[in-house]
file structure.cif (mmCIF, C-alpha atoms)
data_upload
#
loop_
_atom_site.group_PDB
_atom_site.id
_atom_site.type_symbol
_atom_site.label_atom_id
_atom_site.label_comp_id
_atom_site.auth_asym_id
_atom_site.auth_seq_id
_atom_site.Cartn_x
_atom_site.Cartn_y
_atom_site.Cartn_z
ATOM 1 C CA ASP H 203 64.033 -100.717 -32.808
ATOM 2 C CA ALA H 204 61.917 -103.782 -33.466
ATOM 3 C CA GLY H 205 63.755 -106.810 -34.679
ATOM 4 C CA VAL H 206 62.584 -109.355 -37.213
ATOM 5 C CA ILE H 207 59.068 -110.413 -36.284
ATOM 6 C CA GLN H 208 57.815 -113.880 -37.062
ATOM 7 C CA SER H 209 54.396 -115.395 -36.543
ATOM 8 C CA PRO H 210 53.149 -117.689 -35.297
ATOM 9 C CA ARG H 211 55.750 -118.692 -32.689
ATOM 10 C CA HIS H 212 54.366 -122.208 -32.551
ATOM 11 C CA GLU H 213 52.176 -124.147 -34.939
ATOM 12 C CA VAL H 214 50.838 -127.648 -34.544
ATOM 13 C CA THR H 215 48.750 -129.059 -37.347
ATOM 14 C CA GLU H 216 47.847 -132.312 -38.994
ATOM 15 C CA MET H 217 49.539 -133.555 -42.101
ATOM 16 C CA GLY H 218 47.899 -132.471 -45.304
ATOM 17 C CA GLN H 219 46.985 -129.055 -43.954
ATOM 18 C CA GLU H 220 48.282 -125.831 -45.415
ATOM 19 C CA VAL H 221 50.753 -123.951 -43.236
ATOM 20 C CA THR H 222 51.629 -120.275 -43.649
ATOM 21 C CA LEU H 223 54.531 -118.706 -41.808
ATOM 22 C CA ARG H 224 54.907 -114.944 -41.717
ATOM 23 C CA CYS H 225 57.828 -112.594 -41.390
ATOM 24 C CA LYS H 226 58.251 -108.858 -41.011
ATOM 25 C CA PRO H 227 61.862 -107.842 -41.630
ATOM 26 C CA ILE H 228 63.616 -104.958 -39.969
ATOM 27 C CA SER H 229 62.622 -101.699 -41.608
ATOM 28 C CA GLY H 230 65.176 -100.621 -44.172
ATOM 29 C CA HIS H 231 66.650 -104.084 -44.678
ATOM 30 C CA ASN H 232 66.697 -105.082 -48.332
ATOM 31 C CA SER H 233 67.512 -108.771 -48.032
ATOM 32 C CA LEU H 234 65.320 -111.421 -46.477
ATOM 33 C CA PHE H 235 66.182 -115.057 -45.829
ATOM 34 C CA TRP H 236 64.124 -118.109 -44.859
ATOM 35 C CA TYR H 237 65.944 -120.905 -43.007
ATOM 36 C CA ARG H 238 64.884 -124.261 -41.639
ATOM 37 C CA GLN H 239 66.618 -125.799 -38.621
ATOM 38 C CA THR H 240 66.458 -129.460 -37.644
ATOM 39 C CA MET H 241 68.692 -131.689 -35.564
ATOM 40 C CA MET H 242 69.505 -133.861 -38.545
ATOM 41 C CA ARG H 243 70.163 -131.221 -41.186
ATOM 42 C CA GLY H 244 71.161 -128.197 -39.146
ATOM 43 C CA LEU H 245 70.418 -124.701 -40.429
ATOM 44 C CA GLU H 246 69.459 -124.750 -44.102
ATOM 45 C CA LEU H 247 68.849 -121.740 -46.325
ATOM 46 C CA LEU H 248 65.569 -122.250 -48.173
ATOM 47 C CA ILE H 249 65.274 -119.036 -50.169
ATOM 48 C CA TYR H 250 66.407 -115.455 -50.091
ATOM 49 C CA PHE H 251 65.023 -112.243 -51.513
ATOM 50 C CA ASN H 252 66.741 -109.023 -52.441
ATOM 51 C CA ASN H 253 64.527 -105.959 -52.849
ATOM 52 C CA ASN H 254 61.459 -108.245 -52.740
ATOM 53 C CA VAL H 255 62.719 -110.375 -55.644
ATOM 54 C CA PRO H 256 63.576 -114.060 -55.073
ATOM 55 C CA ILE H 257 67.266 -114.451 -55.864
ATOM 56 C CA ASP H 258 67.968 -118.057 -54.966
ATOM 57 C CA ASP H 259 65.351 -120.685 -54.138
ATOM 58 C CA SER H 260 67.586 -123.701 -54.681
ATOM 59 C CA GLY H 261 67.170 -124.681 -51.046
ATOM 60 C CA MET H 262 63.402 -125.033 -51.230
ATOM 61 C CA PRO H 263 62.811 -128.749 -50.634
ATOM 62 C CA GLU H 264 60.094 -129.369 -53.188
ATOM 63 C CA ASP H 265 57.051 -127.914 -54.865
ATOM 64 C CA ARG H 266 55.068 -128.103 -51.665
ATOM 65 C CA PHE H 267 57.058 -125.123 -50.438
ATOM 66 C CA SER H 268 56.527 -121.621 -51.756
ATOM 67 C CA ALA H 269 57.622 -118.189 -50.577
ATOM 68 C CA LYS H 270 56.488 -114.706 -51.461
ATOM 69 C CA MET H 271 57.507 -111.182 -50.621
ATOM 70 C CA PRO H 272 54.758 -108.881 -51.849
ATOM 71 C CA ASN H 273 56.368 -105.795 -50.325
ATOM 72 C CA ALA H 274 59.425 -104.712 -48.387
ATOM 73 C CA SER H 275 57.824 -105.296 -45.004
ATOM 74 C CA PHE H 276 56.257 -108.726 -45.359
ATOM 75 C CA SER H 277 57.088 -112.229 -46.486
ATOM 76 C CA THR H 278 55.362 -115.595 -46.251
ATOM 77 C CA LEU H 279 56.545 -119.172 -46.451
ATOM 78 C CA LYS H 280 53.805 -121.606 -47.327
ATOM 79 C CA ILE H 281 53.756 -125.395 -47.145
ATOM 80 C CA GLN H 282 50.918 -127.161 -48.915
ATOM 81 C CA PRO H 283 50.274 -129.951 -48.213
ATOM 82 C CA SER H 284 52.314 -130.309 -45.042
ATOM 83 C CA GLU H 285 54.018 -133.570 -44.051
ATOM 84 C CA PRO H 286 55.475 -134.777 -40.720
ATOM 85 C CA ARG H 287 59.026 -134.440 -42.104
ATOM 86 C CA ASP H 288 58.421 -130.695 -42.447
ATOM 87 C CA SER H 289 58.496 -130.396 -38.659
ATOM 88 C CA ALA H 290 61.298 -127.988 -37.774
ATOM 89 C CA VAL H 291 62.040 -124.497 -36.553
ATOM 90 C CA TYR H 292 61.714 -122.007 -39.398
ATOM 91 C CA PHE H 293 63.693 -118.795 -39.092
ATOM 92 C CA CYS H 294 63.374 -115.610 -41.047
ATOM 93 C CA ALA H 295 66.337 -113.252 -41.175
ATOM 94 C CA SER H 296 66.923 -109.888 -42.759
ATOM 95 C CA SER H 297 69.965 -107.792 -43.533
ATOM 96 C CA PRO H 298 70.761 -104.422 -45.068
ATOM 97 C CA SER H 299 71.881 -104.443 -48.665
ATOM 98 C CA GLY H 300 75.575 -104.751 -49.369
ATOM 99 C CA GLN H 301 78.202 -107.427 -49.272
ATOM 100 C CA PHE H 302 79.304 -107.447 -45.667
ATOM 101 C CA GLN H 303 76.110 -107.301 -43.708
ATOM 102 C CA PRO H 304 75.112 -109.415 -40.721
ATOM 103 C CA GLN H 305 71.849 -111.293 -40.737
ATOM 104 C CA HIS H 306 69.323 -110.497 -38.020
ATOM 105 C CA PHE H 307 67.185 -113.484 -37.130
ATOM 106 C CA GLY H 308 63.651 -113.591 -35.841
ATOM 107 C CA ASP H 309 62.645 -115.797 -32.927
ATOM 108 C CA GLY H 310 61.503 -118.522 -35.318
ATOM 109 C CA THR H 311 58.355 -120.571 -35.780
ATOM 110 C CA ARG H 312 58.373 -124.022 -34.232
ATOM 111 C CA LEU H 313 56.312 -126.162 -36.575
ATOM 112 C CA SER H 314 55.010 -129.608 -35.695
ATOM 113 C CA ILE H 315 53.155 -131.654 -38.289
ATOM 114 C CA LEU H 316 51.312 -134.599 -36.778
ATOM 115 C CA GLY Z 22 78.845 -128.373 -54.232
ATOM 116 C CA GLN Z 23 80.389 -126.198 -51.609
ATOM 117 C CA GLN Z 24 80.740 -127.767 -48.203
ATOM 118 C CA VAL Z 25 81.722 -126.407 -44.856
ATOM 119 C CA MET Z 26 82.819 -128.620 -42.022
ATOM 120 C CA GLN Z 27 82.668 -127.439 -38.439
ATOM 121 C CA ILE Z 28 84.345 -129.283 -35.577
ATOM 122 C CA PRO Z 29 83.937 -130.423 -32.914
ATOM 123 C CA GLN Z 30 80.237 -131.190 -32.820
ATOM 124 C CA TYR Z 31 80.127 -130.965 -29.028
ATOM 125 C CA GLN Z 32 82.469 -129.608 -26.379
ATOM 126 C CA HIS Z 33 82.050 -129.913 -22.651
ATOM 127 C CA VAL Z 34 84.383 -127.761 -20.558
ATOM 128 C CA GLN Z 35 84.798 -126.762 -16.968
ATOM 129 C CA GLU Z 36 84.208 -123.106 -16.277
ATOM 130 C CA GLY Z 37 87.468 -121.267 -16.733
ATOM 131 C CA GLU Z 38 88.812 -123.582 -19.412
ATOM 132 C CA ASP Z 39 89.359 -122.434 -22.979
ATOM 133 C CA PHE Z 40 87.261 -123.465 -25.974
ATOM 134 C CA THR Z 41 87.905 -123.489 -29.707
ATOM 135 C CA THR Z 42 85.701 -124.337 -32.675
ATOM 136 C CA TYR Z 43 86.954 -124.696 -36.224
ATOM 137 C CA CYS Z 44 85.344 -124.137 -39.580
ATOM 138 C CA ASN Z 45 86.917 -125.612 -42.724
ATOM 139 C CA SER Z 46 86.056 -125.260 -46.401
ATOM 140 C CA SER Z 47 87.498 -127.025 -49.413
ATOM 141 C CA THR Z 48 86.963 -123.874 -51.486
ATOM 142 C CA THR Z 49 88.277 -120.354 -50.959
ATOM 143 C CA LEU Z 50 85.796 -118.181 -49.130
ATOM 144 C CA SER Z 51 84.862 -114.592 -49.802
ATOM 145 C CA ASN Z 52 83.950 -113.954 -46.181
ATOM 146 C CA ILE Z 53 82.819 -115.739 -43.061
ATOM 147 C CA GLN Z 54 80.462 -114.837 -40.263
ATOM 148 C CA TRP Z 55 80.136 -116.328 -36.793
ATOM 149 C CA TYR Z 56 76.870 -116.664 -34.893
ATOM 150 C CA LYS Z 57 75.859 -117.843 -31.433
ATOM 151 C CA GLN Z 58 72.567 -119.535 -30.667
ATOM 152 C CA ARG Z 59 71.489 -119.959 -27.068
ATOM 153 C CA PRO Z 60 69.295 -122.973 -26.226
ATOM 154 C CA GLY Z 61 65.774 -122.235 -27.451
ATOM 155 C CA GLY Z 62 66.922 -119.023 -29.082
ATOM 156 C CA HIS Z 63 67.831 -117.758 -32.500
ATOM 157 C CA PRO Z 64 71.258 -117.242 -34.078
ATOM 158 C CA VAL Z 65 72.837 -113.945 -33.118
ATOM 159 C CA PHE Z 66 75.576 -112.373 -35.219
ATOM 160 C CA LEU Z 67 78.977 -112.146 -33.530
ATOM 161 C CA ILE Z 68 81.551 -111.085 -36.126
ATOM 162 C CA GLN Z 69 82.485 -111.068 -39.792
ATOM 163 C CA LEU Z 70 85.922 -111.811 -41.268
ATOM 164 C CA VAL Z 71 86.862 -110.765 -44.772
ATOM 165 C CA LYS Z 72 90.627 -110.418 -45.131
ATOM 166 C CA SER Z 73 93.174 -113.192 -45.378
ATOM 167 C CA GLY Z 74 94.846 -113.804 -42.014
ATOM 168 C CA GLU Z 75 92.450 -111.459 -40.245
ATOM 169 C CA VAL Z 76 92.219 -111.646 -36.452
ATOM 170 C CA LYS Z 77 89.480 -109.936 -34.476
ATOM 171 C CA LYS Z 78 88.826 -109.889 -30.759
ATOM 172 C CA GLN Z 79 85.717 -109.314 -28.708
ATOM 173 C CA LYS Z 80 86.588 -109.442 -25.010
ATOM 174 C CA ARG Z 81 87.331 -113.137 -24.363
ATOM 175 C CA LEU Z 82 86.507 -114.180 -27.944
ATOM 176 C CA THR Z 83 89.174 -114.325 -30.659
ATOM 177 C CA PHE Z 84 88.263 -114.934 -34.292
ATOM 178 C CA GLN Z 85 90.767 -115.882 -36.974
ATOM 179 C CA PHE Z 86 90.560 -116.213 -40.740
ATOM 180 C CA GLY Z 87 93.155 -118.443 -42.376
ATOM 181 C CA GLU Z 88 95.752 -117.120 -44.773
ATOM 182 C CA ALA Z 89 94.227 -119.133 -47.618
ATOM 183 C CA LYS Z 90 90.708 -118.015 -46.642
ATOM 184 C CA LYS Z 91 89.578 -121.637 -46.364
ATOM 185 C CA ASN Z 92 89.333 -121.971 -42.623
ATOM 186 C CA SER Z 93 88.463 -120.013 -39.531
ATOM 187 C CA SER Z 94 88.408 -120.461 -35.800
ATOM 188 C CA LEU Z 95 86.654 -119.032 -32.790
ATOM 189 C CA HIS Z 96 88.496 -119.228 -29.488
ATOM 190 C CA ILE Z 97 86.999 -118.399 -26.101
ATOM 191 C CA THR Z 98 89.397 -117.777 -23.235
ATOM 192 C CA ALA Z 99 88.335 -118.717 -19.707
ATOM 193 C CA THR Z 100 84.809 -119.829 -20.489
ATOM 194 C CA GLN Z 101 81.877 -118.735 -18.373
ATOM 195 C CA THR Z 102 78.440 -120.299 -17.986
ATOM 196 C CA THR Z 103 77.045 -117.460 -20.085
ATOM 197 C CA ASP Z 104 79.042 -118.836 -23.042
ATOM 198 C CA VAL Z 105 76.770 -121.882 -23.232
ATOM 199 C CA GLY Z 106 75.174 -122.291 -26.650
ATOM 200 C CA THR Z 107 75.852 -123.425 -30.170
ATOM 201 C CA TYR Z 108 78.391 -121.552 -32.253
ATOM 202 C CA PHE Z 109 77.924 -121.518 -36.008
ATOM 203 C CA CYS Z 110 80.145 -120.365 -38.789
ATOM 204 C CA ALA Z 111 78.430 -119.116 -41.934
ATOM 205 C CA VAL Z 112 80.559 -119.060 -45.045
ATOM 206 C CA SER Z 113 80.105 -117.317 -48.348
ATOM 207 C CA TYR Z 114 81.840 -117.878 -51.655
ATOM 208 C CA ASN Z 115 80.435 -114.889 -53.516
ATOM 209 C CA PHE Z 116 79.510 -112.352 -50.819
ATOM 210 C CA ASN Z 117 75.836 -113.180 -51.198
ATOM 211 C CA LYS Z 118 74.581 -116.576 -50.114
ATOM 212 C CA PHE Z 119 75.718 -118.013 -46.811
ATOM 213 C CA TYR Z 120 76.090 -121.665 -45.880
ATOM 214 C CA PHE Z 121 75.920 -122.455 -42.195
ATOM 215 C CA GLY Z 122 78.161 -125.032 -40.589
ATOM 216 C CA SER Z 123 76.659 -127.752 -38.427
ATOM 217 C CA GLY Z 124 77.608 -125.851 -35.293
ATOM 218 C CA THR Z 125 79.578 -126.652 -32.157
ATOM 219 C CA LYS Z 126 77.495 -127.064 -29.048
ATOM 220 C CA LEU Z 127 79.328 -125.750 -26.000
ATOM 221 C CA ASN Z 128 78.408 -126.802 -22.500
ATOM 222 C CA VAL Z 129 80.151 -125.144 -19.543
ATOM 223 C CA LYS Z 130 80.080 -126.809 -16.161
ATOM 224 C CA PRO Z 131 80.216 -124.414 -13.205
#
call {"tool": "encode", "arguments": {"input": "structure.cif", "output": "structure tokens"}}
result
Amino acid sequence: DAGVIQSPRHEVTEMGQEVTLRCKPISGHNSLFWYRQTMMRGLELLIYFNNNVPIDDSGMPEDRFSAKMPNASFSTLKIQPSEPRDSAVYFCASSPSGQFQPQHFGDGTRLSIL
Amino acid sequence: GQQVMQIPQYQHVQEGEDFTTYCNSSTTLSNIQWYKQRPGGHPVFLIQLVKSGEVKKQKRLTFQFGEAKKNSSLHITATQTTDVGTYFCAVSYNFNKFYFGSGTKLNVKP
């Protein structure tokens, strides 16, 4: 079975540009999570969806960040405009519905904002 | 807000030595998960603990959940070079949202 698929794997862009990260969760998983990982702040939950509905976006840093899940098999995380401090590895994870489910992580997108 | 503290931050051991990482919360947890992330990789789920005082084993790995459900530990017996990576606890207070600890980076010298 395919795992969580993220694209692109690497992105290098100049500050001010719009960045769109994509995620395809595991088929049948009802929950989807976006995380950001940096050396300074560790692994931070940005937002999570349940059945395509955003449940908690309290971790989204600011209005420059937005996330959507138009259907059960696709989600995007958008940064506009991007800033150098947004440089990080962004992970998408999915899990089946229910209380005691493990999260399955994608390989991540390594984002560098110059 | 809720905070989870994970210690130590780093651990360097000789192959064959034991290793333990601890995860502590000031608030009672609903459940806790443990993940391992290899260098350059993504977090991979290891185990979940739900019950007070629960102990689970996976080969050389032993996971414990404290009686008060505020702390947990992961112990590796006789480390191997394949154990290298960062071990994270992920805690939940309401069975939904998880907060990841800062991780313990394990280095094993052959």
call {"tool": "atom_distance", "arguments": {"input": "structure.cif", "atom1": "CA of Gly300 (chain H)", "atom2": "CA of Trp55 (chain Z)"}}
result
17.7 Å
call {"tool": "atom_distance", "arguments": {"input": "structure.cif", "atom1": "CA of Leu67 (chain Z)", "atom2": "CA of Phe302 (chain H)"}}
result
13.0 Å
call {"tool": "residues_around", "arguments": {"input": "structure.cif", "residues": "Asn92 (chain Z)", "least_positions_apart": "4", "cutoff": "8 Å", "atoms": "all atoms listed in the file", "output": "list of chain:residue names"}}
result
Z:Tyr43, Z:Cys44, Z:Asn45, Z:Ser46, Z:Phe86, Z:Gly87
call {"tool": "closest_residue", "arguments": {"input": "structure.cif", "among": "Z:Val34, Z:Leu82, Z:Ala111, Z:Ala89", "to": "chain H", "atoms": "all atoms listed in the file"}}
result
Z:Ala111
call {"tool": "axis_aligned_box", "arguments": {"input": "structure.cif", "around": "region 34-52 of chain Z", "padding_each_side": "3 Å", "output": "AutoDock Vina command-line options"}}
result
--center_x 86.7 --center_y -120.9 --center_z -33.9 --size_x 11.4 --size_y 19.8 --size_z 41.2
call {"tool": "interface_residues", "arguments": {"input": "structure.cif", "of": "chain H", "to": "chain Z", "cutoff": "10 Å", "atoms": "only C-alpha atoms", "output": "PDB file with C-alpha atoms, keeping the file's coordinate frame"}}
result
ATOM      1  CA  SER H 233      67.512-108.771 -48.032  1.00  0.00           C
ATOM      2  CA  PHE H 235      66.182-115.057 -45.829  1.00  0.00           C
ATOM      3  CA  MET H 241      68.692-131.689 -35.564  1.00  0.00           C
ATOM      4  CA  MET H 242      69.505-133.861 -38.545  1.00  0.00           C
ATOM      5  CA  ARG H 243      70.163-131.221 -41.186  1.00  0.00           C
ATOM      6  CA  GLY H 244      71.161-128.197 -39.146  1.00  0.00           C
ATOM      7  CA  LEU H 245      70.418-124.701 -40.429  1.00  0.00           C
ATOM      8  CA  GLU H 246      69.459-124.750 -44.102  1.00  0.00           C
ATOM      9  CA  LEU H 247      68.849-121.740 -46.325  1.00  0.00           C
ATOM     10  CA  ILE H 249      65.274-119.036 -50.169  1.00  0.00           C
ATOM     11  CA  TYR H 250      66.407-115.455 -50.091  1.00  0.00           C
ATOM     12  CA  ILE H 257      67.266-114.451 -55.864  1.00  0.00           C
ATOM     13  CA  ASP H 258      67.968-118.057 -54.966  1.00  0.00           C
ATOM     14  CA  VAL H 291      62.040-124.497 -36.553  1.00  0.00           C
ATOM     15  CA  PHE H 293      63.693-118.795 -39.092  1.00  0.00           C
ATOM     16  CA  CYS H 294      63.374-115.610 -41.047  1.00  0.00           C
ATOM     17  CA  ALA H 295      66.337-113.252 -41.175  1.00  0.00           C
ATOM     18  CA  SER H 299      71.881-104.443 -48.665  1.00  0.00           C
ATOM     19  CA  GLY H 300      75.575-104.751 -49.369  1.00  0.00           C
ATOM     20  CA  GLN H 301      78.202-107.427 -49.272  1.00  0.00           C
ATOM     21  CA  PHE H 302      79.304-107.447 -45.667  1.00  0.00           C
ATOM     22  CA  GLN H 303      76.110-107.301 -43.708  1.00  0.00           C
ATOM     23  CA  PRO H 304      75.112-109.415 -40.721  1.00  0.00           C
ATOM     24  CA  GLN H 305      71.849-111.293 -40.737  1.00  0.00           C
ATOM     25  CA  HIS H 306      69.323-110.497 -38.020  1.00  0.00           C
ATOM     26  CA  PHE H 307      67.185-113.484 -37.130  1.00  0.00           C
ATOM     27  CA  GLY H 308      63.651-113.591 -35.841  1.00  0.00           C
ATOM     28  CA  ASP H 309      62.645-115.797 -32.927  1.00  0.00           C
ATOM     29  CA  GLY H 310      61.503-118.522 -35.318  1.00  0.00           C
TER      30      GLY H 310
END
call {"tool": "atom_distance", "arguments": {"input": "structure.cif", "atom1": "CA of Gln85 (chain Z)", "atom2": "CA of Gln101 (chain Z)"}}
result
20.8 Å
call {"tool": "residues_around", "arguments": {"input": "structure.cif", "residues": "Ser229 (chain H)", "least_positions_apart": "4", "cutoff": "12 Å", "atoms": "only C-alpha atoms", "output": "VMD selection string"}}
result
chain H and resid 203 to 207 225 233 to 234 273 to 276 296 to 299 306
call {"tool": "write_last_selection", "arguments": {"input": "structure.cif", "atoms": "C-alpha atoms", "output": "JSON list (two decimals), in the coordinates of the input"}}
result
[["chain", "number", "residue", "atom", "x", "y", "z"],
["H", 203, "ASP", "CA", 64.03, -100.72, -32.81],
["H", 204, "ALA", "CA", 61.92, -103.78, -33.47],
["H", 205, "GLY", "CA", 63.76, -106.81, -34.68],
["H", 206, "VAL", "CA", 62.58, -109.36, -37.21],
["H", 207, "ILE", "CA", 59.07, -110.41, -36.28],
["H", 225, "CYS", "CA", 57.83, -112.59, -41.39],
["H", 233, "SER", "CA", 67.51, -108.77, -48.03],
["H", 234, "LEU", "CA", 65.32, -111.42, -46.48],
["H", 273, "ASN", "CA", 56.37, -105.80, -50.32],
["H", 274, "ALA", "CA", 59.42, -104.71, -48.39],
["H", 275, "SER", "CA", 57.82, -105.30, -45.00],
["H", 276, "PHE", "CA", 56.26, -108.73, -45.36],
["H", 296, "SER", "CA", 66.92, -109.89, -42.76],
["H", 297, "SER", "CA", 69.96, -107.79, -43.53],
["H", 298, "PRO", "CA", 70.76, -104.42, -45.07],
["H", 299, "SER", "CA", 71.88, -104.44, -48.66],
["H", 306, "HIS", "CA", 69.32, -110.50, -38.02]]
call {"tool": "resolve_selection", "arguments": {"input": "structure.cif", "expression": "the PyMOL selection byres ((chain Z and resi 128) around 12)", "output": "VMD selection string"}}
result
chain Z and resid 30 to 36 38 to 40 59 to 60 100 to 108 125 to 127 129 to 131
call {"tool": "residues_around", "arguments": {"input": "structure.cif", "residues": "Thr49 (chain Z)", "least_positions_apart": "4", "cutoff": "7 Å", "atoms": "all atoms listed in the file", "output": "list in words"}}
result
Ala89, Lys90, Lys91 and Tyr114 of chain Z
call {"tool": "resolve_selection", "arguments": {"input": "structure.cif", "expression": "the PyMOL selection byres ((chain H and resi 277) around 7)", "output": "MDAnalysis selection string"}}
result
chainID H and resid 224:226 270:272 276 278:279
call {"tool": "resolve_selection", "arguments": {"input": "structure.cif", "expression": "the PyMOL selection byres ((chain H and resi 261) around 7)", "output": "ChimeraX atom specification"}}
result
/H:247-249,259-260,262-263
call {"tool": "closest_residue", "arguments": {"input": "structure.cif", "among": "H:His212, H:Pro283, H:Leu313, H:Gln219", "to": "Arg238 (chain H)", "atoms": "all atoms listed in the file"}}
result
H:Leu313
call {"tool": "residues_around", "arguments": {"input": "structure.cif", "residues": "Val214 (chain H)", "least_positions_apart": "6", "cutoff": "9 Å", "atoms": "all atoms listed in the file", "output": "list in words"}}
result
Arg312, Leu313, Ser314, Ile315 and Leu316 of chain H
call {"tool": "closest_residue", "arguments": {"input": "structure.cif", "among": "Z:Thr41, Z:Gln79, Z:Ser113, Z:Thr48", "to": "His96 (chain Z)", "atoms": "all atoms listed in the file"}}
result
Z:Thr41
call {"tool": "residues_around", "arguments": {"input": "structure.cif", "residues": "Glu285 (chain H)", "least_positions_apart": "3", "cutoff": "7 Å", "atoms": "only C-alpha atoms", "output": "NGL selection string"}}
result
:H and (217-218 or 288 or 315)
